[in-house]
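Take a look at the structure below.
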Amino acid sequence: MIYSKEYVGYLARQIVRRLKEGEFIDAPHENVVVEKVNAAMQDELALEDRINEEVRAILEAYSDEARQMGADYQEAFKKIKLQLVKKYKAVL
């Protein structure tokens, strides 16, 4: 993940605090809301890690063919990742 879990927790707290200050939400149990926002942010940020793992698995499965064709690993990684991002409709 790009950001540490501590930083994501900090961001979640700041988001909830600012939403409350702007009266966009009414959260009597602020800690519960922070936990839910934090969990949602962690899941979203981990999506890129899961996509990268899937790309590596695909490239590993076709590594022999790629070597025979002289394919560039980085270029293949980018192309496959782009396809998976579109497939999952992710925003990275």
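Each chain in the structure tokens gets a letter, A, B and so on, in the order shown; residues start at 1 in every chain, and ligands are counted from 1 in the order they appear.
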
Surrounding residues of range 4-16 of chain A excluding itself and chain neighbours under 6 positions, 12 Å, only C-alpha atoms, as an NGL selection string: :A and (22-46)

Contacts of Leu92 in chain A within 9 Å, only C-alpha atoms, excl. fewer than 5 positions in-chain, as number ranges by chain: A: 45, 47-48, 85

Now that the selection is made, can you save its residues with N, CA and C atoms as a PDB file, in the first residue's frame?
ATOM      1  N   LEU A  45      -7.454   1.489  -0.881  1.00  0.00           N
ATOM      2  CA  LEU A  45      -6.025   1.638  -1.138  1.00  0.00           C
ATOM      3  C   LEU A  45      -5.339   0.292  -1.368  1.00  0.00           C
ATOM      4  N   LEU A  47      -6.614  -2.070  -3.023  1.00  0.00           N
ATOM      5  CA  LEU A  47      -7.024  -2.563  -4.334  1.00  0.00           C
ATOM      6  C   LEU A  47      -5.847  -2.587  -5.302  1.00  0.00           C
ATOM      7  N   GLU A  48      -5.034  -1.553  -5.293  1.00  0.00           N
ATOM      8  CA  GLU A  48      -3.890  -1.525  -6.203  1.00  0.00           C
ATOM      9  C   GLU A  48      -2.916  -2.659  -5.879  1.00  0.00           C
ATOM     10  N   VAL A  85      -7.319  -2.786 -14.301  1.00  0.00           N
ATOM     11  CA  VAL A  85      -7.917  -1.570 -13.736  1.00  0.00           C
ATOM     12  C   VAL A  85      -9.247  -1.290 -14.429  1.00  0.00           C
TER      13      VAL A  85
END

Which of chain A fall in alpha helix (DSSP H), as a VMD selection string: chain A and resid 5 to 21 30 to 61 63 to 69 73 to 88

List the neighbours of Tyr73 in chain A out to 12 Å using only C-alpha atoms; skip same-chain residues closer than 3 positions along the sequence, and give me the result as a JSON list (two decimals) with C-alpha atoms, in the first residue's frame.
[["chain", "number", "residue", "atom", "x", "y", "z"],
["A", 55, "VAL", "CA", -0.64, -8.98, -12.69],
["A", 56, "ARG", "CA", 2.42, -10.77, -11.28],
["A", 58, "ILE", "CA", -0.52, -13.62, -14.86],
["A", 59, "LEU", "CA", 3.01, -12.71, -15.93],
["A", 60, "GLU", "CA", 4.42, -15.69, -14.05],
["A", 62, "TYR", "CA", 3.15, -16.77, -19.19],
["A", 63, "SER", "CA", 6.81, -16.15, -18.35],
["A", 64, "ASP", "CA", 8.19, -18.80, -20.72],
["A", 65, "GLU", "CA", 6.18, -17.50, -23.67],
["A", 66, "ALA", "CA", 7.13, -13.92, -22.87],
["A", 67, "ARG", "CA", 10.83, -14.77, -22.81],
["A", 69, "MET", "CA", 8.87, -13.56, -27.70],
["A", 70, "GLY", "CA", 11.35, -11.15, -26.07],
["A", 76, "ALA", "CA", 3.78, -6.16, -20.16],
["A", 77, "PHE", "CA", 3.13, -5.32, -16.49],
["A", 78, "LYS", "CA", 1.75, -1.89, -17.42],
["A", 79, "LYS", "CA", -0.50, -3.26, -20.16],
["A", 80, "ILE", "CA", -1.94, -6.05, -18.04],
["A", 81, "LYS", "CA", -2.42, -3.71, -15.07]]

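Checking A:Ala90, A:Arg17, A:Leu84, A:Met1 one by one against Glu54 in chain A, counting only C-alpha atoms, you find the shortest gap at A:Leu84.
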
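With CA of Asp49 in chain A on one side and CA of Tyr88 in chain A on the other, the separation reads 13.1 Å.
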
Distance in Å - CA of Ala61 in chain A versus CA of Tyr3 in chain A: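 Rounded to one decimal, the two atoms are 29.5 Å apart.
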